[in-house]
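Below is my_file_29.txt, holding compact mmCIF, C-alpha atoms and all ligand atoms.
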# COMPACT_ATOMS: atom_id res chain seq x y z
CA MET A 1146 -0.36 -17.09 2.00
CA ARG A 1147 2.25 -14.36 2.13
CA ILE A 1148 3.70 -13.48 -1.26
CA CYS A 1149 6.70 -11.22 -1.74
CA ARG A 1150 8.92 -9.93 -4.51
CA PHE A 1151 12.58 -9.40 -3.78
CA ASP A 1152 16.09 -8.75 -5.06
CA ASP A 1153 16.27 -9.01 -8.86
CA ASN A 1154 12.49 -9.38 -9.42
CA ARG A 1155 12.37 -12.75 -7.66
CA LEU A 1156 9.10 -14.18 -6.36
CA GLY A 1157 8.85 -15.62 -2.85
CA VAL A 1158 6.44 -17.25 -0.43
CA VAL A 1159 7.03 -16.12 3.15
CA THR A 1160 6.61 -18.55 6.06
CA GLU A 1161 7.84 -18.44 9.64
CA LYS A 1162 11.02 -20.12 8.34
CA GLY A 1163 11.85 -17.33 5.90
CA ILE A 1164 11.45 -16.71 2.18
CA HIS A 1165 10.94 -19.66 -0.15
CA ASP A 1166 12.04 -18.71 -3.65
CA VAL A 1167 9.37 -19.68 -6.20
CA THR A 1168 10.65 -17.56 -9.11
CA GLU A 1169 10.69 -20.53 -11.44
CA LEU A 1170 6.87 -20.43 -11.56
CA LEU A 1171 6.81 -16.99 -13.21
CA PRO A 1172 7.08 -18.38 -16.77
CA GLN A 1173 3.66 -19.95 -16.14
CA LEU A 1174 2.15 -16.47 -16.38
CA PRO A 1175 0.68 -15.68 -19.81
CA ALA A 1176 3.23 -13.93 -22.01
CA TRP A 1177 1.84 -10.49 -22.79
CA THR A 1178 2.72 -8.55 -25.90
CA TYR A 1179 2.08 -4.91 -26.70
CA PRO A 1180 -0.34 -3.38 -25.81
CA LEU A 1181 0.17 -4.50 -22.22
CA PRO A 1182 -2.85 -5.21 -19.99
CA VAL A 1183 -4.24 -2.63 -17.56
CA PHE A 1184 -4.06 -5.14 -14.70
CA ASP A 1185 -1.19 -6.83 -12.87
CA PRO A 1186 -0.60 -10.24 -14.49
CA LEU A 1187 0.66 -11.93 -11.31
CA VAL A 1188 -2.25 -10.78 -9.15
CA GLU A 1189 -4.70 -11.66 -11.94
CA ASN A 1190 -3.34 -15.19 -12.09
CA LEU A 1191 -2.87 -15.82 -8.36
CA PRO A 1192 -5.91 -18.13 -8.06
CA LYS A 1193 -4.54 -20.31 -10.89
CA LEU A 1194 -0.99 -20.31 -9.51
CA ARG A 1195 -1.98 -20.90 -5.92
CA SER A 1196 -1.48 -24.65 -5.66
CA ALA A 1197 1.78 -24.53 -7.63
CA LEU A 1198 3.02 -21.78 -5.27
CA GLU A 1199 2.22 -23.99 -2.27
CA GLN A 1200 3.94 -27.02 -3.81
CA GLN A 1201 7.00 -25.13 -4.95
CA SER A 1202 7.45 -23.29 -1.66
CA LYS A 1203 7.65 -26.62 0.18
CA GLN A 1204 10.47 -27.73 -2.10
CA SER A 1205 12.43 -24.49 -1.83
CA ALA A 1206 14.80 -24.07 1.13
CA PRO A 1207 13.96 -20.91 3.13
CA LYS A 1208 16.35 -17.98 3.11
CA PRO A 1209 16.43 -15.42 5.92
CA LEU A 1210 14.30 -12.33 5.42
CA LYS A 1211 17.13 -10.14 6.61
CA GLY A 1212 19.29 -10.96 3.64
CA VAL A 1213 16.90 -9.84 0.90
CA ARG A 1214 15.81 -6.53 -0.58
CA LEU A 1215 12.00 -6.45 -0.61
CA LEU A 1216 10.30 -4.94 -3.66
CA SER A 1217 6.67 -3.90 -3.98
CA PRO A 1218 4.59 -7.10 -3.83
CA VAL A 1219 2.55 -5.71 -6.74
CA ALA A 1220 4.83 -4.91 -9.67
CA ASN A 1221 2.39 -3.34 -12.14
CA PRO A 1222 -0.73 -1.88 -10.58
CA GLY A 1223 -2.98 -0.18 -13.13
CA LYS A 1224 -3.80 2.50 -10.59
CA ILE A 1225 -3.02 3.49 -7.04
CA ILE A 1226 -6.16 4.88 -5.47
CA ALA A 1227 -5.97 6.75 -2.19
CA ALA A 1228 -8.47 7.97 0.37
CA PRO A 1229 -8.02 11.47 1.83
CA VAL A 1230 -8.90 12.25 5.47
CA ASN A 1231 -10.58 8.92 6.19
CA TYR A 1232 -10.02 8.99 9.96
CA LYS A 1233 -12.01 11.55 11.97
CA LYS A 1234 -9.13 12.48 14.29
CA HIS A 1235 -6.83 13.01 11.28
CA LEU A 1236 -9.44 15.35 9.75
CA GLU A 1237 -9.45 17.30 13.02
CA GLU A 1238 -5.65 17.57 13.11
CA VAL A 1239 -5.50 18.74 9.47
CA LEU A 1240 -8.14 21.40 10.05
CA ALA A 1241 -6.30 22.59 13.18
CA GLN A 1242 -2.84 23.02 11.59
CA LYS A 1243 -2.07 25.56 8.87
CA GLU A 1244 1.10 23.67 7.87
CA LEU A 1245 -1.08 20.66 7.03
CA HIS A 1246 -3.97 22.31 5.17
CA HIS A 1247 -2.16 25.29 3.57
CA GLY A 1248 -5.47 27.03 3.05
CA ASN A 1249 -6.73 24.14 0.90
CA LEU A 1250 -10.40 23.35 1.30
CA ILE A 1251 -10.32 20.13 3.34
CA ASN A 1252 -13.54 18.17 2.95
CA GLU A 1253 -14.52 14.99 4.69
CA ILE A 1254 -14.15 11.98 2.43
CA HIS A 1255 -17.85 11.82 1.54
CA ARG A 1256 -17.43 15.14 -0.25
CA ALA A 1257 -13.78 14.88 -1.31
CA GLY A 1258 -13.98 11.45 -2.95
CA LEU A 1259 -10.78 9.59 -3.81
CA PHE A 1260 -7.57 10.59 -5.59
CA LEU A 1261 -4.87 8.79 -7.60
CA LYS A 1262 -1.12 8.51 -7.06
CA ALA A 1263 1.25 7.90 -9.97
CA THR A 1264 2.12 4.20 -10.30
CA SER A 1265 5.72 5.28 -10.90
CA SER A 1266 5.88 6.34 -7.23
CA LEU A 1267 5.77 2.71 -6.05
CA ILE A 1268 8.60 0.93 -4.20
CA GLY A 1269 8.99 -1.92 -1.71
CA ALA A 1270 10.23 -1.91 1.86
CA GLY A 1271 13.79 -2.81 0.88
CA GLN A 1272 14.14 0.21 -1.37
CA ARG A 1273 14.58 3.69 -0.02
CA ILE A 1274 12.31 6.72 0.10
CA GLU A 1275 14.17 9.45 -1.80
CA LEU A 1276 12.91 12.84 -0.66
CA VAL A 1277 12.65 15.79 -3.03
CA HIS A 1278 12.00 19.46 -2.20
CA LEU A 1279 13.82 19.21 1.12
CA ASP A 1280 12.96 22.84 1.86
CA ARG A 1281 9.34 21.74 2.28
CA ARG A 1282 7.70 19.47 4.80
CA ASN A 1283 7.65 15.80 3.73
CA ASP A 1284 5.37 13.64 5.90
CA HIS A 1285 4.85 9.97 6.64
CA GLU A 1286 1.36 8.49 6.38
CA VAL A 1287 0.87 4.83 7.29
CA GLU A 1288 -2.23 3.08 5.94
CA LEU A 1289 -3.86 -0.27 5.31
CA ALA A 1290 -3.42 -1.06 1.60
CA VAL A 1291 -5.94 -3.23 -0.24
CA VAL A 1292 -4.98 -5.08 -3.44
CA ILE A 1293 -7.84 -5.86 -5.81
CA GLY A 1294 -8.01 -9.44 -7.10
CA LYS A 1295 -11.04 -9.57 -9.39
CA PRO A 1296 -12.53 -6.87 -11.66
CA ALA A 1297 -15.00 -4.69 -9.80
CA ARG A 1298 -17.54 -2.34 -11.35
CA ASN A 1299 -20.50 -1.01 -9.34
CA VAL A 1300 -19.87 -3.52 -6.58
CA SER A 1301 -21.96 -3.21 -3.42
CA ALA A 1302 -20.28 -3.01 -0.04
CA ALA A 1303 -21.87 -6.37 0.85
CA ASN A 1304 -19.97 -8.12 -1.97
CA ALA A 1305 -16.85 -5.97 -1.99
CA LEU A 1306 -14.46 -8.28 -0.15
CA ASP A 1307 -14.99 -10.96 -2.84
CA HIS A 1308 -12.91 -8.67 -5.08
CA VAL A 1309 -9.89 -8.42 -2.79
CA ALA A 1310 -6.68 -10.39 -3.48
CA GLY A 1311 -5.02 -9.37 -0.23
CA TYR A 1312 -3.54 -6.70 1.98
CA CYS A 1313 -0.25 -4.91 2.64
CA ILE A 1314 1.00 -2.05 4.74
CA GLY A 1315 1.09 1.14 2.67
CA LEU A 1316 3.08 4.34 3.17
CA ASP A 1317 1.67 7.42 1.45
CA ILE A 1318 4.58 9.85 1.61
CA THR A 1319 3.42 13.42 1.12
CA ILE A 1320 4.87 16.85 0.46
CA ARG A 1321 2.74 19.40 2.32
CA GLY A 1322 1.72 22.45 0.37
CA PRO A 1323 -0.97 24.08 -1.71
CA GLU A 1324 -0.86 21.88 -4.84
CA GLU A 1325 -3.24 19.06 -5.77
CA ARG A 1326 -2.81 15.94 -3.63
CA SER A 1327 -1.88 13.70 -6.55
CA PHE A 1328 1.02 16.01 -7.47
CA ARG A 1329 2.41 16.27 -3.93
CA LYS A 1330 2.14 12.52 -3.31
CA SER A 1331 3.48 11.15 -6.59
CA PRO A 1332 7.27 11.74 -6.65
CA ASP A 1333 9.30 8.57 -7.34
CA THR A 1334 9.48 6.37 -4.19
CA TYR A 1335 6.61 8.20 -2.42
CA THR A 1336 4.42 5.07 -2.25
CA VAL A 1337 5.74 2.09 -0.28
CA LEU A 1338 3.92 -1.25 -0.31
CA GLY A 1339 5.05 -4.11 1.86
CA PRO A 1340 6.46 -6.05 3.39
CA TRP A 1341 4.46 -8.64 1.36
CA LEU A 1342 0.95 -9.40 0.16
CA VAL A 1343 -1.14 -11.31 2.71
CA THR A 1344 -3.85 -13.07 0.72
CA ALA A 1345 -7.45 -12.39 1.69
CA ASP A 1346 -8.14 -15.97 2.79
CA GLU A 1347 -5.69 -15.36 5.65
CA LEU A 1348 -7.20 -12.02 6.61
CA ASP A 1349 -10.96 -12.30 6.31
CA ASP A 1350 -11.78 -9.15 8.32
CA PRO A 1351 -9.71 -6.00 7.63
CA SER A 1352 -11.87 -3.85 9.91
CA ARG A 1353 -10.07 -4.41 13.21
CA LEU A 1354 -6.34 -4.17 12.58
CA SER A 1355 -4.15 -2.15 14.88
CA PHE A 1356 -1.14 -0.56 13.23
CA SER A 1357 1.59 1.96 13.88
CA ILE A 1358 4.61 3.72 12.49
CA ALA A 1359 7.72 4.83 14.36
CA VAL A 1360 10.33 7.28 13.12
CA ASN A 1361 13.81 6.56 14.54
CA GLY A 1362 12.16 4.50 17.26
CA GLU A 1363 9.58 7.11 18.29
CA ILE A 1364 5.95 6.06 17.71
CA ARG A 1365 4.20 8.72 15.64
CA GLN A 1366 0.96 7.10 14.48
CA ASP A 1367 -0.80 4.33 16.40
CA ALA A 1368 -4.37 3.50 15.38
CA ASN A 1369 -6.86 0.83 14.37
CA THR A 1370 -8.76 0.31 11.10
CA ASP A 1371 -11.84 0.22 13.35
CA ASP A 1372 -11.77 4.00 13.17
CA LEU A 1373 -11.90 4.30 9.37
CA VAL A 1374 -14.73 6.62 8.27
CA LEU A 1375 -15.23 4.58 5.08
CA GLY A 1376 -14.08 0.99 5.64
CA VAL A 1377 -12.57 -1.30 3.02
CA LYS A 1378 -15.98 -2.45 1.76
CA GLU A 1379 -17.32 1.07 1.41
CA LEU A 1380 -14.15 2.29 -0.32
CA ILE A 1381 -14.47 -0.47 -2.92
CA GLU A 1382 -18.15 0.40 -3.42
CA LEU A 1383 -17.32 4.09 -3.87
CA ALA A 1384 -14.29 3.54 -6.14
CA SER A 1385 -16.04 0.97 -8.32
CA SER A 1386 -18.97 3.32 -8.86
CA PHE A 1387 -16.59 5.67 -10.70
CA TYR A 1388 -14.16 3.32 -12.47
CA THR A 1389 -13.49 -0.37 -12.94
CA LEU A 1390 -11.09 -1.82 -10.42
CA HIS A 1391 -8.70 -4.30 -12.01
CA PRO A 1392 -6.56 -7.05 -10.45
CA GLY A 1393 -3.50 -5.42 -8.94
CA ASP A 1394 -5.13 -2.03 -8.38
CA VAL A 1395 -4.16 -0.73 -4.95
CA ILE A 1396 -6.38 1.20 -2.55
CA LEU A 1397 -4.60 3.15 0.19
CA THR A 1398 -7.38 3.44 2.75
CA GLY A 1399 -6.27 6.65 4.45
CA THR A 1400 -4.05 7.63 7.33
CA PRO A 1401 -4.92 8.24 10.99
CA GLN A 1402 -3.86 11.11 13.24
CA GLY A 1403 -0.20 11.68 14.05
CA VAL A 1404 1.27 12.52 10.63
CA GLY A 1405 4.63 14.21 10.92
CA PRO A 1406 7.79 15.10 9.04
CA VAL A 1407 10.49 12.73 7.79
CA ARG A 1408 14.03 13.75 6.86
CA PRO A 1409 17.01 12.17 5.11
CA GLY A 1410 18.64 9.67 7.47
CA ASP A 1411 15.38 8.72 9.20
CA VAL A 1412 14.40 5.08 9.57
CA LEU A 1413 10.69 4.26 9.47
CA PHE A 1414 9.31 1.17 11.14
CA ALA A 1415 5.70 0.25 10.33
CA ARG A 1416 3.71 -2.68 11.64
CA MET A 1417 0.17 -3.96 11.24
CA ASP A 1418 -1.75 -6.80 12.86
CA ARG A 1419 -1.86 -10.00 10.79
CA ILE A 1420 0.32 -8.50 8.04
CA GLY A 1421 3.75 -7.96 9.54
CA GLU A 1422 6.29 -5.21 9.91
CA MET A 1423 8.72 -3.35 7.70
CA ARG A 1424 11.68 -1.06 8.06
CA VAL A 1425 12.18 1.63 5.41
CA GLU A 1426 15.06 4.06 5.08
CA VAL A 1427 14.71 7.69 4.03
CA VAL A 1428 17.39 9.51 2.00
CA ALA A 1429 17.65 12.65 -0.09
CA ALA A 1430 17.05 12.16 -3.81
CA LYS A 1431 20.22 12.63 -5.87
MN MN B 1501 -2.80 9.10 2.72
Could you render the structure from this file as structure tokens?
Amino acid sequence: MRICRFDDNRLGVVTEKGIHDVTELLPQLPAWTYPLPVFDPLVENLPKLRSALEQQSKQSAPKPLKGVRLLSPVANPGKIIAAPVNYKKHLEEVLAQKELHHGNLINEIHRAGLFLKATSSLIGAGQRIELVHLDRRNDHEVELAVVIGKPARNVSAANALDHVAGYCIGLDITIRGPEERSFRKSPDTYTVLGPWLVTADELDDPSRLSFSIAVNGEIRQDANTDDLVLGVKELIELASSFYTLHPGDVILTGTPQGVGPVRPGDVLFARMDRIGEMRVEVVAAK
């Protein structure tokens, strides 16, 4: 199943016919009061809502994808986890270019571990990337994004995929420079998730997905998740050995070679096997 959020926080199921609006099911989610949970209530309750989503989507007339503004399919992730230099050729390109490493010590992922991006950086494909610090290099990074579905703590790689709700395309927009990664990658709008969530039952093997990103029609990154240093299972094992993963937590699995600058006015077009494609506009922040 492909689940999206769009326009004024509406919920949709995407089929080949378009978007079926199923917003009227949202009141079935438990009503949370303060303090709010550390997980995403929709993702947490997806298994329970599943049959109602299927029923309701059949009764709802499809609307064309083109006419809607896609939001992040996960509204309230507790954390956005990201993997640095998780493709060997990307590690080589970072080490080779001063404007990428800025004298920072670049370790392979086994030594570097994972980092976090601010959840306030998250947008969907129909929103716009608003660049800040235009005097500095702002780069695109396209990645497979994993959305956790069930709590995970000290999960082995062998069982890791049982904890996945689904997958999206992720963009990890990055200011290059000497500061900590989390600081340079956390401005508002610097994480894009979309175009929708493809549930794990539809994508049983995330280890062989080809994907790409084009800037103004020119392909910049073109790779396959085959080449991940730590695959999805191993990333979940590593992350869950440090902290509990909660439903709705997002793991950006790392970007391949070919990172490059984006500027106001650029149009990004990202696609990934078995997930879909998305167009995202880049502007200057006001
Ligand atoms: Mn990245």
Could you give me, as JSON lines, a per-residue list for chain A showing, wherever an atom lies at most 8 Å from an atom of ligand MN 1501 (chain B), the closest pair of atoms and their distance in Å to one decimal, using only C-alpha atoms and all ligand atoms and sorting by chain then residue number from low to high?
{"residue": "A:Ala1227", "atom": "CA", "partner": "B:MN1501", "partner_atom": "MN", "distance": 6.3}
{"residue": "A:Ala1228", "atom": "CA", "partner": "B:MN1501", "partner_atom": "MN", "distance": 6.2}
{"residue": "A:Pro1229", "atom": "CA", "partner": "B:MN1501", "partner_atom": "MN", "distance": 5.8}
{"residue": "A:Val1230", "atom": "CA", "partner": "B:MN1501", "partner_atom": "MN", "distance": 7.4}
{"residue": "A:Glu1286", "atom": "CA", "partner": "B:MN1501", "partner_atom": "MN", "distance": 5.6}
{"residue": "A:Val1287", "atom": "CA", "partner": "B:MN1501", "partner_atom": "MN", "distance": 7.3}
{"residue": "A:Glu1288", "atom": "CA", "partner": "B:MN1501", "partner_atom": "MN", "distance": 6.9}
{"residue": "A:Leu1316", "atom": "CA", "partner": "B:MN1501", "partner_atom": "MN", "distance": 7.6}
{"residue": "A:Asp1317", "atom": "CA", "partner": "B:MN1501", "partner_atom": "MN", "distance": 4.9}
{"residue": "A:Ile1318", "atom": "CA", "partner": "B:MN1501", "partner_atom": "MN", "distance": 7.5}
{"residue": "A:Thr1319", "atom": "CA", "partner": "B:MN1501", "partner_atom": "MN", "distance": 7.7}
{"residue": "A:Leu1397", "atom": "CA", "partner": "B:MN1501", "partner_atom": "MN", "distance": 6.7}
{"residue": "A:Thr1398", "atom": "CA", "partner": "B:MN1501", "partner_atom": "MN", "distance": 7.3}
{"residue": "A:Gly1399", "atom": "CA", "partner": "B:MN1501", "partner_atom": "MN", "distance": 4.6}
{"residue": "A:Thr1400", "atom": "CA", "partner": "B:MN1501", "partner_atom": "MN", "distance": 5.0}
> With all atoms listed in the file as the atoms that count, which of A:Met1423, A:Leu1267, A:Ala1305, A:Val1188 lies nearest to Lys1211 (chain A)?
Replying inline: A:Met1423
> To one decimal place, how far is CA of Ala1415 (chain A) from CA of Pro1218 (chain A) in Å?
Replying inline: 16.0 Å
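For the pair CA of Ser1386 (chain A) and CA of Arg1298 (chain A), the separation is 6.3 Å.
Between CA of Val1183 (chain A) and CA of Leu1380 (chain A) the interatomic distance comes to 20.5 Å.
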>> (-15.6, -4.6, -12.5) in this file's frame - what residues fall within 12 Å of it? Use only C-alpha atoms and give the answer as number ranges by chain.
In response: A: 1184, 1293-1301, 1304-1305, 1307-1309, 1381-1382, 1384-1392, 1394
>> List the spatial neighbours of region 1147-1163 of chain A as a count of residues only - criterion: any atom at most 6 Å away, only C-alpha atoms, same-chain residues fewer than 3 positions off excluded.
In response: 14
Please enclose the listed atoms of region 1260-1265 of chain A in an axis-aligned box, pad each side by 4 Å, and write out the centre and the three edge lengths in Å, rounded to one decimal, as AutoDock Vina command-line options.
--center_x -0.9 --center_y 7.4 --center_z -8.2 --size_x 21.3 --size_y 14.4 --size_z 13.3
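Restricting the calculation to all atoms listed in the file, the smallest distance between Leu1383 (chain A) and any of A:Ile1364, A:Val1427, A:Ala1302, A:Leu1289 is found for A:Ala1302.
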> Which is closest to Asp1418 (chain A) among A:Leu1198, A:Ala1359, A:Ala1368, A:Ala1206, if we use all atoms listed in the file?
Replying inline: A:Ala1368
> Looking at all atoms listed in the file, which of A:Ile1396, A:Val1407, A:Leu1259, A:Leu1338 is the one that sits closest to Glu1363 (chain A)?
Replying inline: A:Val1407
